[in-house]
Amino acid sequence: MIDIKPENTPEGVEGTGYFATSLDKAVGLARANSLWPLPFATSCCGIEFMATMASHYDLGRFGSERLSFSPRQADLLMVMGTISKKMGVILRQVYEQMAEPKWVLSMGACASSGGIFDSYSVLQGIDRIMPVDVYVPGCPPRPEQVLDGILQIQELAKNETRRRRDSPEYTTMLEQYGIK
Ligand code: SF4
């Protein structure tokens, strides 16, 4: 009999022919390793993201090669580039159309804080209109940093309980953004 040991399994009880764990951990592992990003790229950070997707860095190694341009079939919103206040309305609509559970990664100085564009027309950080899970600093961030950001999102997805999205704290946080 071949004794096959699974790699990167969630914490559990192992024995020959069986593996016991909690449903939360199994679901977390599946979610973390099959994130479907929606790239919302408006300017130069988007080019850096293209490099992250290409063969040298290959985001597909982390289970995220399937980009989605439909909010209903994505669970990771990646915002990259300068977001004008007019564009913020569209971005917010995209966020609201995504089903739970969903995560948001803000890539680069512009998306995170407006960057060098401290002007009347530019949103000074997307966290003014939606909750952000991970910020990737830089102008632009290197692909390695983007990969690190994705790994951090994976950690969040892996360790999030299935009940979190139904909790009063989560509802209150969304209400602060006017999201019902
Ligand atoms: S952070 Fe820098 S590289 Fe990224 S969109 Fe802004 S100006 Fe461009």
# chains A, B, ... in the order shown; residues from 1 in each chain; ligands from 1
$ select_by_dssp --residues "chain A" --states "strand (DSSP E or B)" --output "list in words"
Val13, Glu14, Gly15, Tyr18, Phe19, Ala20, Pro37, Leu38, Pro39, Phe40, Ala41, Leu76, Leu77, Met78, Val79, Met80, Ser84, Trp103, Val104, Leu105, Ser106, Met107, Val122, Val134, Tyr135 and Val136 of chain A
$ write_last_selection --atoms "C-alpha atoms" --output "CSV table (one decimal), in the first residue's frame"
chain,number,residue,atom,x,y,z
A,13,VAL,CA,-5.7,14.6,12.7
A,14,GLU,CA,-3.9,12.4,10.2
A,15,GLY,CA,-3.7,8.7,10.0
A,18,TYR,CA,-8.0,9.3,6.7
A,19,PHE,CA,-7.6,12.9,7.5
A,20,ALA,CA,-9.9,14.8,9.9
A,37,PRO,CA,-9.0,38.5,-9.0
A,38,LEU,CA,-10.9,41.3,-10.7
A,39,PRO,CA,-8.2,43.7,-11.9
A,40,PHE,CA,-9.5,47.3,-11.7
A,41,ALA,CA,-6.5,49.0,-13.4
A,76,LEU,CA,-10.7,39.5,-5.0
A,77,LEU,CA,-10.9,43.1,-6.1
A,78,MET,CA,-7.5,44.5,-7.0
A,79,VAL,CA,-7.5,48.2,-7.4
A,80,MET,CA,-4.4,49.6,-9.2
A,84,SER,CA,-10.8,59.9,-9.8
A,103,TRP,CA,-11.5,40.8,-0.4
A,104,VAL,CA,-9.9,44.0,-1.6
A,105,LEU,CA,-6.3,44.7,-2.3
A,106,SER,CA,-5.1,48.3,-2.9
A,107,MET,CA,-2.0,48.3,-5.1
A,122,VAL,CA,-8.7,62.4,-7.3
A,134,VAL,CA,-4.4,44.6,2.2
A,135,TYR,CA,-2.4,47.7,1.0
A,136,VAL,CA,0.6,47.2,-1.3
$ residues_near_ligand --ligand "ligand 1" --cutoff "6 Å" --atoms "only C-alpha atoms and all ligand atoms" --output "ChimeraX atom specification"
/A:43-45,81-82,108-110,115,139-140
$ write_last_selection --atoms "C-alpha atoms" --output "mmCIF file, in the first residue's frame"
data_model
loop_
_atom_site.group_PDB
_atom_site.id
_atom_site.type_symbol
_atom_site.label_atom_id
_atom_site.label_comp_id
_atom_site.auth_asym_id
_atom_site.auth_seq_id
_atom_site.Cartn_x
_atom_site.Cartn_y
_atom_site.Cartn_z
ATOM 1 C CA SER A 43 -3.037 53.528 -14.904
ATOM 2 C CA CYS A 44 0.634 52.570 -14.570
ATOM 3 C CA CYS A 45 0.251 50.137 -11.632
ATOM 4 C CA GLY A 81 -3.932 53.162 -10.343
ATOM 5 C CA THR A 82 -5.293 56.634 -9.842
ATOM 6 C CA GLY A 108 0.251 51.361 -5.139
ATOM 7 C CA ALA A 109 0.283 54.847 -3.698
ATOM 8 C CA CYS A 110 -2.485 56.215 -5.939
ATOM 9 C CA GLY A 115 -0.390 59.284 -4.395
ATOM 10 C CA CYS A 139 4.909 53.738 -6.981
ATOM 11 C CA PRO A 140 4.640 51.326 -8.638
#
$ atom_distance --atom1 "atom CA of Phe49 of chain A" --atom2 "atom CA of Tyr120 of chain A"
27.0 Å
$ closest_residue --among "A:Ile153, A:Ser113, A:Asn159, A:Arg142" --to "Met50 of chain A" --atoms "only C-alpha atoms"
A:Arg142
$ closest_residue --among "A:Ala157, A:Val27, A:Val89, A:Ile116" --to "Arg128 of chain A" --atoms "only C-alpha atoms"
A:Val89
$ atom_distance --atom1 "atom CA of Tyr170 of chain A" --atom2 "atom CA of Arg72 of chain A"
20.3 Å
$ select_by_dssp --residues "chain A" --states "alpha helix (DSSP H)" --output "number ranges by chain"
A: 23-32, 44-53, 85-97, 108-113, 143-159, 168-176
$ closest_residue --among "A:Ser68, A:Ser22, A:Gln93, A:Gln124" --to "Arg162 of chain A" --atoms "only C-alpha atoms"
A:Ser22
$ residues_around --residues "segment 53-57 of chain A" --least-positions-apart "2" --cutoff "12 Å" --atoms "only C-alpha atoms" --output "ChimeraX atom specification"
/A:37,39,46-51,59-67,142-148
$ residues_around --residues "Lys102 of chain A" --least-positions-apart "5" --cutoff "12 Å" --atoms "only C-alpha atoms" --output "ChimeraX atom specification"
/A:31-32,35-38,71-78,94-97,130-133,153-154,156-157,160,164-165
$ atom_distance --atom1 "atom CA of Asp166 of chain A" --atom2 "atom CA of Glu100 of chain A"
10.0 Å
$ decode --residues "segment 22-49 of chain A" --atoms "N, CA and C atoms" --output "CSV table (one decimal), in the first residue's frame"
chain,number,residue,atom,x,y,z
A,22,SER,N,-11.5,20.5,10.6
A,22,SER,CA,-12.8,21.2,10.7
A,22,SER,C,-13.2,21.8,9.3
A,23,LEU,N,-14.5,22.0,9.2
A,23,LEU,CA,-15.0,22.5,7.9
A,23,LEU,C,-14.4,23.8,7.6
A,24,ASP,N,-14.3,24.7,8.6
A,24,ASP,CA,-13.8,26.0,8.4
A,24,ASP,C,-12.4,26.0,7.8
A,25,LYS,N,-11.6,25.1,8.2
A,25,LYS,CA,-10.2,25.0,7.7
A,25,LYS,C,-10.1,24.5,6.3
A,26,ALA,N,-11.0,23.5,6.0
A,26,ALA,CA,-11.0,23.0,4.7
A,26,ALA,C,-11.5,24.0,3.7
A,27,VAL,N,-12.6,24.7,4.1
A,27,VAL,CA,-13.1,25.8,3.2
A,27,VAL,C,-12.1,26.9,3.0
A,28,GLY,N,-11.5,27.3,4.1
A,28,GLY,CA,-10.4,28.3,4.1
A,28,GLY,C,-9.3,28.0,3.1
A,29,LEU,N,-8.9,26.7,3.2
A,29,LEU,CA,-7.8,26.3,2.3
A,29,LEU,C,-8.2,26.4,0.8
A,30,ALA,N,-9.4,25.9,0.6
A,30,ALA,CA,-9.9,25.9,-0.8
A,30,ALA,C,-10.1,27.4,-1.3
A,31,ARG,N,-10.6,28.2,-0.5
A,31,ARG,CA,-10.8,29.6,-0.9
A,31,ARG,C,-9.5,30.3,-1.1
A,32,ALA,N,-8.6,30.1,-0.2
A,32,ALA,CA,-7.3,30.8,-0.3
A,32,ALA,C,-6.5,30.4,-1.6
A,33,ASN,N,-6.7,29.2,-2.0
A,33,ASN,CA,-5.9,28.8,-3.2
A,33,ASN,C,-6.6,28.8,-4.5
A,34,SER,N,-7.8,29.5,-4.5
A,34,SER,CA,-8.5,29.6,-5.7
A,34,SER,C,-9.1,31.0,-5.8
A,35,LEU,N,-8.3,32.0,-5.4
A,35,LEU,CA,-8.9,33.4,-5.5
A,35,LEU,C,-9.0,33.8,-7.0
A,36,TRP,N,-10.1,34.4,-7.3
A,36,TRP,CA,-10.3,34.9,-8.7
A,36,TRP,C,-10.3,36.4,-8.6
A,37,PRO,N,-9.2,37.0,-9.1
A,37,PRO,CA,-9.0,38.5,-9.0
A,37,PRO,C,-9.8,39.2,-10.1
A,38,LEU,N,-10.3,40.3,-9.7
A,38,LEU,CA,-10.9,41.3,-10.7
A,38,LEU,C,-9.9,42.5,-10.8
A,39,PRO,N,-9.1,42.6,-11.8
A,39,PRO,CA,-8.2,43.7,-11.9
A,39,PRO,C,-8.8,45.0,-12.3
A,40,PHE,N,-8.9,45.9,-11.4
A,40,PHE,CA,-9.5,47.3,-11.7
A,40,PHE,C,-8.3,48.2,-11.9
A,41,ALA,N,-7.8,48.2,-13.1
A,41,ALA,CA,-6.5,49.0,-13.4
A,41,ALA,C,-6.8,50.2,-14.2
A,42,THR,N,-6.4,51.3,-13.7
A,42,THR,CA,-6.7,52.6,-14.4
A,42,THR,C,-5.4,53.3,-14.9
A,43,SER,N,-4.3,52.9,-14.4
A,43,SER,CA,-3.0,53.5,-14.9
A,43,SER,C,-1.8,52.7,-14.7
A,44,CYS,N,-0.6,53.3,-14.5
A,44,CYS,CA,0.6,52.6,-14.6
A,44,CYS,C,0.8,51.3,-13.7
A,45,CYS,N,0.2,51.3,-12.5
A,45,CYS,CA,0.3,50.1,-11.6
A,45,CYS,C,-0.3,48.9,-12.4
A,46,GLY,N,-1.3,49.1,-13.2
A,46,GLY,CA,-1.8,48.0,-14.0
A,46,GLY,C,-0.8,47.4,-14.9
A,47,ILE,N,0.2,48.1,-15.4
A,47,ILE,CA,1.2,47.5,-16.2
A,47,ILE,C,2.1,46.6,-15.4
A,48,GLU,N,2.3,47.0,-14.1
A,48,GLU,CA,3.1,46.2,-13.2
A,48,GLU,C,2.4,44.9,-12.9
A,49,PHE,N,1.1,45.0,-12.8
A,49,PHE,CA,0.3,43.9,-12.6
A,49,PHE,C,0.4,42.9,-13.8
